[in-house]
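One structure is given here, and the rest of the page talks about it.
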Amino acid sequence: MPHTSPSALITDQGQRVLLRVQGVLYELSQEELRSLLGLPAGSAGLGISIDGNRLRFEFAADDRTSELSAGQLHRRLAKQVTTGT
């Protein structure tokens, strides 16, 4: 499979997040994303920066940030899809 760069799109006034990681598309609510990143629930207000293969998620309303590689994110997303959590 050819290498694809990760991408992200925030929709519905910050409530939905579309991610393409390692060629796979994922759609998450902001709450699901926060849980996936190990962050507590919080207000809308999400920014995503992508630098090469690293993604940085910034939740401005409660000043929380999480950064991880596309590979780490892909593994967490795949685990969530398989376990349904």
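Within each chain, counting starts at residue 1; across the structure tokens, chains are named A, B, ... in the order shown, with ligands numbered 1 upward in that order.
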
Pick out the residues sitting within 12 Å of A:Leu77, and hand them over as a count of residues only; count only C-alpha atoms, and ignore anything fewer than 4 positions along from it in its own chain.
23

Please identify the strand (DSSP E) residues within stretch 17-60 of chain A (assignment by DSSP from backbone atoms) and present them as a VMD selection string.
chain A and resid 17 to 21 24 to 29 46 to 51 54 to 59

File dump, residues just selected, N, CA, C and O atoms, as a short mmCIF file (atom, residue, chain, number, x, y, z; two decimals), in the first residue's frame:
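Written out: part_1.cif:
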data_model
loop_
_atom_site.label_atom_id
_atom_site.label_comp_id
_atom_site.auth_asym_id
_atom_site.auth_seq_id
_atom_site.Cartn_x
_atom_site.Cartn_y
_atom_site.Cartn_z
N VAL A 17 -15.25 14.74 13.81
CA VAL A 17 -13.89 14.76 13.29
C VAL A 17 -13.74 13.62 12.29
O VAL A 17 -14.07 12.47 12.60
N LEU A 18 -13.29 13.95 11.10
CA LEU A 18 -12.98 12.95 10.08
C LEU A 18 -11.47 12.84 10.00
O LEU A 18 -10.78 13.85 9.84
N LEU A 19 -10.96 11.64 10.11
CA LEU A 19 -9.51 11.40 10.07
C LEU A 19 -9.19 10.38 9.00
O LEU A 19 -9.91 9.38 8.85
N ARG A 20 -8.12 10.63 8.26
CA ARG A 20 -7.57 9.61 7.37
C ARG A 20 -6.18 9.29 7.91
O ARG A 20 -5.29 10.14 7.95
N VAL A 21 -6.03 8.06 8.37
CA VAL A 21 -4.78 7.63 8.98
C VAL A 21 -4.37 6.32 8.32
O VAL A 21 -5.14 5.36 8.32
N VAL A 24 -6.87 4.76 5.92
CA VAL A 24 -8.19 4.36 6.41
C VAL A 24 -8.93 5.60 6.91
O VAL A 24 -8.36 6.43 7.62
N LEU A 25 -10.22 5.71 6.55
CA LEU A 25 -11.04 6.83 6.99
C LEU A 25 -11.79 6.48 8.27
O LEU A 25 -12.34 5.38 8.39
N TYR A 26 -11.79 7.42 9.21
CA TYR A 26 -12.50 7.26 10.48
C TYR A 26 -13.36 8.50 10.71
O TYR A 26 -12.93 9.61 10.41
N GLU A 27 -14.54 8.32 11.27
CA GLU A 27 -15.39 9.44 11.67
C GLU A 27 -15.69 9.26 13.16
O GLU A 27 -16.18 8.22 13.59
N LEU A 28 -15.37 10.30 13.93
CA LEU A 28 -15.54 10.26 15.38
C LEU A 28 -16.26 11.51 15.86
O LEU A 28 -16.12 12.57 15.26
N SER A 29 -16.95 11.38 16.96
CA SER A 29 -17.45 12.57 17.64
C SER A 29 -16.28 13.14 18.43
O SER A 29 -15.28 12.45 18.69
N LEU A 46 -11.84 22.49 18.97
CA LEU A 46 -10.75 21.60 18.65
C LEU A 46 -9.92 22.15 17.50
O LEU A 46 -10.47 22.63 16.51
N GLY A 47 -8.62 22.07 17.63
CA GLY A 47 -7.70 22.38 16.56
C GLY A 47 -6.80 21.18 16.32
O GLY A 47 -6.41 20.50 17.27
N ILE A 48 -6.51 20.89 15.07
CA ILE A 48 -5.64 19.76 14.74
C ILE A 48 -4.52 20.26 13.85
O ILE A 48 -4.77 20.88 12.82
N SER A 49 -3.28 19.99 14.26
CA SER A 49 -2.11 20.32 13.45
C SER A 49 -1.46 19.01 13.02
O SER A 49 -1.35 18.08 13.82
N ILE A 50 -1.03 18.96 11.78
CA ILE A 50 -0.34 17.77 11.27
C ILE A 50 1.02 18.21 10.76
O ILE A 50 1.12 19.11 9.93
N ASP A 51 2.06 17.59 11.30
CA ASP A 51 3.43 17.89 10.89
C ASP A 51 4.08 16.57 10.49
O ASP A 51 4.49 15.80 11.36
N ARG A 54 3.07 13.33 12.46
CA ARG A 54 2.63 13.62 13.83
C ARG A 54 1.36 14.45 13.80
O ARG A 54 1.24 15.38 13.01
N LEU A 55 0.42 14.10 14.68
CA LEU A 55 -0.83 14.85 14.81
C LEU A 55 -0.89 15.45 16.21
O LEU A 55 -0.60 14.77 17.20
N ARG A 56 -1.28 16.71 16.27
CA ARG A 56 -1.41 17.41 17.54
C ARG A 56 -2.86 17.88 17.65
O ARG A 56 -3.35 18.61 16.79
N PHE A 57 -3.52 17.44 18.72
CA PHE A 57 -4.92 17.79 18.96
C PHE A 57 -4.95 18.80 20.10
O PHE A 57 -4.45 18.53 21.19
N GLU A 58 -5.54 19.97 19.85
CA GLU A 58 -5.61 21.03 20.85
C GLU A 58 -7.07 21.35 21.15
O GLU A 58 -7.82 21.71 20.26
N PHE A 59 -7.44 21.21 22.40
CA PHE A 59 -8.79 21.52 22.87
C PHE A 59 -8.68 22.83 23.64
O PHE A 59 -8.34 22.85 24.83
#

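Relative to atom CA of A:Asp12, atom CA of A:Arg75 is found at 25.7 Å.
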
For atom CA of A:Gly23 and atom CA of A:Arg76, determine how far apart the two atoms are, in Å to one decimal place.
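Interatomic distance, atom CA of A:Gly23 to atom CA of A:Arg76: 14.9 Å.
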
What residues in chain A get the DSSP label alpha helix (DSSP H)? Please answer as a PDB file with all heavy atoms, in the first residue's frame.
ATOM      1  N   GLN A  30     -16.400  14.388  18.839  1.00  0.00           N
ATOM      2  CA  GLN A  30     -15.337  14.976  19.652  1.00  0.00           C
ATOM      3  C   GLN A  30     -15.186  14.199  20.957  1.00  0.00           C
ATOM      4  O   GLN A  30     -14.076  13.984  21.437  1.00  0.00           O
ATOM      5  CB  GLN A  30     -15.608  16.454  19.943  1.00  0.00           C
ATOM      6  CG  GLN A  30     -14.476  17.054  20.771  1.00  0.00           C
ATOM      7  CD  GLN A  30     -14.656  18.513  21.064  1.00  0.00           C
ATOM      8  OE1 GLN A  30     -14.480  19.316  20.193  1.00  0.00           O
ATOM      9  NE2 GLN A  30     -14.995  18.833  22.288  1.00  0.00           N
ATOM     10  N   GLU A  31     -16.284  13.733  21.529  1.00  0.00           N
ATOM     11  CA  GLU A  31     -16.229  12.964  22.775  1.00  0.00           C
ATOM     12  C   GLU A  31     -15.461  11.659  22.573  1.00  0.00           C
ATOM     13  O   GLU A  31     -14.660  11.253  23.427  1.00  0.00           O
ATOM     14  CB  GLU A  31     -17.642  12.658  23.291  1.00  0.00           C
ATOM     15  CG  GLU A  31     -18.423  13.879  23.729  1.00  0.00           C
ATOM     16  CD  GLU A  31     -19.053  14.650  22.558  1.00  0.00           C
ATOM     17  OE1 GLU A  31     -19.254  14.079  21.464  1.00  0.00           O
ATOM     18  OE2 GLU A  31     -19.319  15.850  22.742  1.00  0.00           O
ATOM     19  N   GLU A  32     -15.704  10.980  21.444  1.00  0.00           N
ATOM     20  CA  GLU A  32     -14.984   9.740  21.154  1.00  0.00           C
ATOM     21  C   GLU A  32     -13.492  10.009  20.976  1.00  0.00           C
ATOM     22  O   GLU A  32     -12.656   9.232  21.451  1.00  0.00           O
ATOM     23  CB  GLU A  32     -15.543   9.086  19.892  1.00  0.00           C
ATOM     24  CG  GLU A  32     -16.937   8.520  20.059  1.00  0.00           C
ATOM     25  CD  GLU A  32     -17.584   8.112  18.752  1.00  0.00           C
ATOM     26  OE1 GLU A  32     -17.368   8.798  17.720  1.00  0.00           O
ATOM     27  OE2 GLU A  32     -18.302   7.103  18.759  1.00  0.00           O
ATOM     28  N   LEU A  33     -13.154  11.097  20.307  1.00  0.00           N
ATOM     29  CA  LEU A  33     -11.753  11.454  20.107  1.00  0.00           C
ATOM     30  C   LEU A  33     -11.080  11.742  21.444  1.00  0.00           C
ATOM     31  O   LEU A  33      -9.977  11.250  21.702  1.00  0.00           O
ATOM     32  CB  LEU A  33     -11.618  12.664  19.182  1.00  0.00           C
ATOM     33  CG  LEU A  33     -10.196  13.158  18.941  1.00  0.00           C
ATOM     34  CD1 LEU A  33      -9.332  12.075  18.282  1.00  0.00           C
ATOM     35  CD2 LEU A  33     -10.208  14.421  18.104  1.00  0.00           C
ATOM     36  N   ARG A  34     -11.740  12.507  22.291  1.00  0.00           N
ATOM     37  CA  ARG A  34     -11.164  12.815  23.608  1.00  0.00           C
ATOM     38  C   ARG A  34     -10.912  11.533  24.392  1.00  0.00           C
ATOM     39  O   ARG A  34      -9.862  11.363  25.007  1.00  0.00           O
ATOM     40  CB  ARG A  34     -12.064  13.767  24.376  1.00  0.00           C
ATOM     41  CG  ARG A  34     -12.097  15.173  23.801  1.00  0.00           C
ATOM     42  CD  ARG A  34     -13.057  16.055  24.591  1.00  0.00           C
ATOM     43  NE  ARG A  34     -12.424  16.473  25.824  1.00  0.00           N
ATOM     44  CZ  ARG A  34     -11.924  17.689  26.038  1.00  0.00           C
ATOM     45  NH1 ARG A  34     -12.010  18.611  25.112  1.00  0.00           N
ATOM     46  NH2 ARG A  34     -11.366  17.989  27.180  1.00  0.00           N
ATOM     47  N   SER A  35     -11.867  10.630  24.357  1.00  0.00           N
ATOM     48  CA  SER A  35     -11.718   9.355  25.063  1.00  0.00           C
ATOM     49  C   SER A  35     -10.552   8.558  24.484  1.00  0.00           C
ATOM     50  O   SER A  35      -9.733   7.997  25.227  1.00  0.00           O
ATOM     51  CB  SER A  35     -13.018   8.563  24.958  1.00  0.00           C
ATOM     52  OG  SER A  35     -12.873   7.294  25.517  1.00  0.00           O
ATOM     53  N   LEU A  36     -10.457   8.509  23.172  1.00  0.00           N
ATOM     54  CA  LEU A  36      -9.375   7.806  22.493  1.00  0.00           C
ATOM     55  C   LEU A  36      -8.008   8.358  22.896  1.00  0.00           C
ATOM     56  O   LEU A  36      -7.031   7.625  23.019  1.00  0.00           O
ATOM     57  CB  LEU A  36      -9.568   7.930  20.978  1.00  0.00           C
ATOM     58  CG  LEU A  36      -8.629   7.148  20.095  1.00  0.00           C
ATOM     59  CD1 LEU A  36      -9.062   5.689  20.030  1.00  0.00           C
ATOM     60  CD2 LEU A  36      -8.601   7.746  18.710  1.00  0.00           C
ATOM     61  N   ALA A  70       0.987   9.094  13.604  1.00  0.00           N
ATOM     62  CA  ALA A  70      -0.113   8.502  12.840  1.00  0.00           C
ATOM     63  C   ALA A  70      -0.223   7.008  13.158  1.00  0.00           C
ATOM     64  O   ALA A  70      -1.329   6.476  13.256  1.00  0.00           O
ATOM     65  CB  ALA A  70       0.102   8.730  11.348  1.00  0.00           C
ATOM     66  N   GLY A  71       0.897   6.348  13.356  1.00  0.00           N
ATOM     67  CA  GLY A  71       0.884   4.921  13.696  1.00  0.00           C
ATOM     68  C   GLY A  71       0.223   4.658  15.033  1.00  0.00           C
ATOM     69  O   GLY A  71      -0.577   3.727  15.175  1.00  0.00           O
ATOM     70  N   GLN A  72       0.562   5.472  16.029  1.00  0.00           N
ATOM     71  CA  GLN A  72      -0.070   5.324  17.347  1.00  0.00           C
ATOM     72  C   GLN A  72      -1.576   5.554  17.254  1.00  0.00           C
ATOM     73  O   GLN A  72      -2.360   4.793  17.826  1.00  0.00           O
ATOM     74  CB  GLN A  72       0.531   6.326  18.341  1.00  0.00           C
ATOM     75  CG  GLN A  72       1.951   6.040  18.737  1.00  0.00           C
ATOM     76  CD  GLN A  72       2.548   7.190  19.526  1.00  0.00           C
ATOM     77  OE1 GLN A  72       2.455   8.347  19.129  1.00  0.00           O
ATOM     78  NE2 GLN A  72       3.163   6.871  20.649  1.00  0.00           N
ATOM     79  N   LEU A  73      -1.968   6.602  16.550  1.00  0.00           N
ATOM     80  CA  LEU A  73      -3.386   6.910  16.396  1.00  0.00           C
ATOM     81  C   LEU A  73      -4.095   5.786  15.651  1.00  0.00           C
ATOM     82  O   LEU A  73      -5.190   5.357  16.049  1.00  0.00           O
ATOM     83  CB  LEU A  73      -3.564   8.241  15.667  1.00  0.00           C
ATOM     84  CG  LEU A  73      -5.009   8.701  15.461  1.00  0.00           C
ATOM     85  CD1 LEU A  73      -5.738   8.860  16.790  1.00  0.00           C
ATOM     86  CD2 LEU A  73      -5.037  10.008  14.670  1.00  0.00           C
ATOM     87  N   HIS A  74      -3.479   5.272  14.599  1.00  0.00           N
ATOM     88  CA  HIS A  74      -4.070   4.180  13.826  1.00  0.00           C
ATOM     89  C   HIS A  74      -4.307   2.946  14.706  1.00  0.00           C
ATOM     90  O   HIS A  74      -5.374   2.329  14.646  1.00  0.00           O
ATOM     91  CB  HIS A  74      -3.167   3.831  12.646  1.00  0.00           C
ATOM     92  CG  HIS A  74      -3.693   2.733  11.790  1.00  0.00           C
ATOM     93  ND1 HIS A  74      -4.785   2.887  10.962  1.00  0.00           N
ATOM     94  CD2 HIS A  74      -3.278   1.450  11.644  1.00  0.00           C
ATOM     95  CE1 HIS A  74      -5.022   1.744  10.341  1.00  0.00           C
ATOM     96  NE2 HIS A  74      -4.118   0.867  10.732  1.00  0.00           N
ATOM     97  N   ARG A  75      -3.330   2.595  15.539  1.00  0.00           N
ATOM     98  CA  ARG A  75      -3.481   1.439  16.433  1.00  0.00           C
ATOM     99  C   ARG A  75      -4.625   1.658  17.420  1.00  0.00           C
ATOM    100  O   ARG A  75      -5.426   0.753  17.669  1.00  0.00           O
ATOM    101  CB  ARG A  75      -2.178   1.145  17.166  1.00  0.00           C
ATOM    102  CG  ARG A  75      -1.133   0.481  16.272  1.00  0.00           C
ATOM    103  CD  ARG A  75       0.077   0.019  17.052  1.00  0.00           C
ATOM    104  NE  ARG A  75       0.865   1.118  17.599  1.00  0.00           N
ATOM    105  CZ  ARG A  75       1.758   1.832  16.926  1.00  0.00           C
ATOM    106  NH1 ARG A  75       1.968   1.582  15.649  1.00  0.00           N
ATOM    107  NH2 ARG A  75       2.441   2.783  17.514  1.00  0.00           N
ATOM    108  N   ARG A  76      -4.716   2.855  17.982  1.00  0.00           N
ATOM    109  CA  ARG A  76      -5.810   3.145  18.928  1.00  0.00           C
ATOM    110  C   ARG A  76      -7.169   3.090  18.235  1.00  0.00           C
ATOM    111  O   ARG A  76      -8.130   2.553  18.783  1.00  0.00           O
ATOM    112  CB  ARG A  76      -5.616   4.520  19.566  1.00  0.00           C
ATOM    113  CG  ARG A  76      -4.449   4.568  20.522  1.00  0.00           C
ATOM    114  CD  ARG A  76      -4.342   5.913  21.167  1.00  0.00           C
ATOM    115  NE  ARG A  76      -3.124   6.054  21.917  1.00  0.00           N
ATOM    116  CZ  ARG A  76      -2.845   7.085  22.703  1.00  0.00           C
ATOM    117  NH1 ARG A  76      -3.713   8.073  22.841  1.00  0.00           N
ATOM    118  NH2 ARG A  76      -1.707   7.138  23.345  1.00  0.00           N
ATOM    119  N   LEU A  77      -7.251   3.654  17.030  1.00  0.00           N
ATOM    120  CA  LEU A  77      -8.513   3.637  16.288  1.00  0.00           C
ATOM    121  C   LEU A  77      -8.905   2.205  15.920  1.00  0.00           C
ATOM    122  O   LEU A  77     -10.061   1.819  16.061  1.00  0.00           O
ATOM    123  CB  LEU A  77      -8.400   4.500  15.033  1.00  0.00           C
ATOM    124  CG  LEU A  77      -8.375   6.008  15.270  1.00  0.00           C
ATOM    125  CD1 LEU A  77      -7.844   6.736  14.045  1.00  0.00           C
ATOM    126  CD2 LEU A  77      -9.766   6.501  15.640  1.00  0.00           C
ATOM    127  N   ALA A  78      -7.947   1.416  15.461  1.00  0.00           N
ATOM    128  CA  ALA A  78      -8.226   0.035  15.094  1.00  0.00           C
ATOM    129  C   ALA A  78      -8.691  -0.763  16.308  1.00  0.00           C
ATOM    130  O   ALA A  78      -9.628  -1.572  16.215  1.00  0.00           O
ATOM    131  CB  ALA A  78      -6.984  -0.613  14.482  1.00  0.00           C
ATOM    132  N   LYS A  79      -8.066  -0.539  17.447  1.00  0.00           N
ATOM    133  CA  LYS A  79      -8.459  -1.227  18.681  1.00  0.00           C
ATOM    134  C   LYS A  79      -9.879  -0.822  19.069  1.00  0.00           C
ATOM    135  O   LYS A  79     -10.694  -1.666  19.455  1.00  0.00           O
ATOM    136  CB  LYS A  79      -7.498  -0.894  19.805  1.00  0.00           C
ATOM    137  CG  LYS A  79      -7.803  -1.596  21.095  1.00  0.00           C
ATOM    138  CD  LYS A  79      -6.812  -1.241  22.176  1.00  0.00           C
ATOM    139  CE  LYS A  79      -7.185  -1.916  23.490  1.00  0.00           C
ATOM    140  NZ  LYS A  79      -6.281  -1.522  24.573  1.00  0.00           N
ATOM    141  N   GLN A  80     -10.196   0.466  18.943  1.00  0.00           N
ATOM    142  CA  GLN A  80     -11.521   0.949  19.308  1.00  0.00           C
ATOM    143  C   GLN A  80     -12.586   0.319  18.395  1.00  0.00           C
ATOM    144  O   GLN A  80     -13.647  -0.073  18.839  1.00  0.00           O
ATOM    145  CB  GLN A  80     -11.585   2.477  19.193  1.00  0.00           C
ATOM    146  CG  GLN A  80     -12.948   3.043  19.558  1.00  0.00           C
ATOM    147  CD  GLN A  80     -13.020   4.528  19.380  1.00  0.00           C
ATOM    148  OE1 GLN A  80     -12.437   5.083  18.448  1.00  0.00           O
ATOM    149  NE2 GLN A  80     -13.744   5.203  20.241  1.00  0.00           N
ATOM    150  N   VAL A  81     -12.281   0.226  17.102  1.00  0.00           N
ATOM    151  CA  VAL A  81     -13.230  -0.363  16.152  1.00  0.00           C
ATOM    152  C   VAL A  81     -13.440  -1.846  16.461  1.00  0.00           C
ATOM    153  O   VAL A  81     -14.555  -2.343  16.436  1.00  0.00           O
ATOM    154  CB  VAL A  81     -12.724  -0.176  14.695  1.00  0.00           C
ATOM    155  CG1 VAL A  81     -13.529  -0.998  13.716  1.00  0.00           C
ATOM    156  CG2 VAL A  81     -12.765   1.284  14.320  1.00  0.00           C
ATOM    157  N   THR A  82     -12.362  -2.578  16.823  1.00  0.00           N
ATOM    158  CA  THR A  82     -12.494  -4.005  17.076  1.00  0.00           C
ATOM    159  C   THR A  82     -13.192  -4.292  18.406  1.00  0.00           C
ATOM    160  O   THR A  82     -13.983  -5.219  18.481  1.00  0.00           O
ATOM    161  CB  THR A  82     -11.125  -4.716  17.131  1.00  0.00           C
ATOM    162  OG1 THR A  82     -10.066  -3.816  16.933  1.00  0.00           O
ATOM    163  CG2 THR A  82     -11.028  -5.829  16.189  1.00  0.00           C
ATOM    164  N   THR A  83     -12.908  -3.481  19.408  1.00  0.00           N
ATOM    165  CA  THR A  83     -13.506  -3.736  20.724  1.00  0.00           C
ATOM    166  C   THR A  83     -14.842  -3.034  20.900  1.00  0.00           C
ATOM    167  O   THR A  83     -15.589  -3.351  21.810  1.00  0.00           O
ATOM    168  CB  THR A  83     -12.570  -3.290  21.865  1.00  0.00           C
ATOM    169  OG1 THR A  83     -12.342  -1.889  21.773  1.00  0.00           O
ATOM    170  CG2 THR A  83     -11.263  -4.050  21.822  1.00  0.00           C
TER     171      THR A  83
END
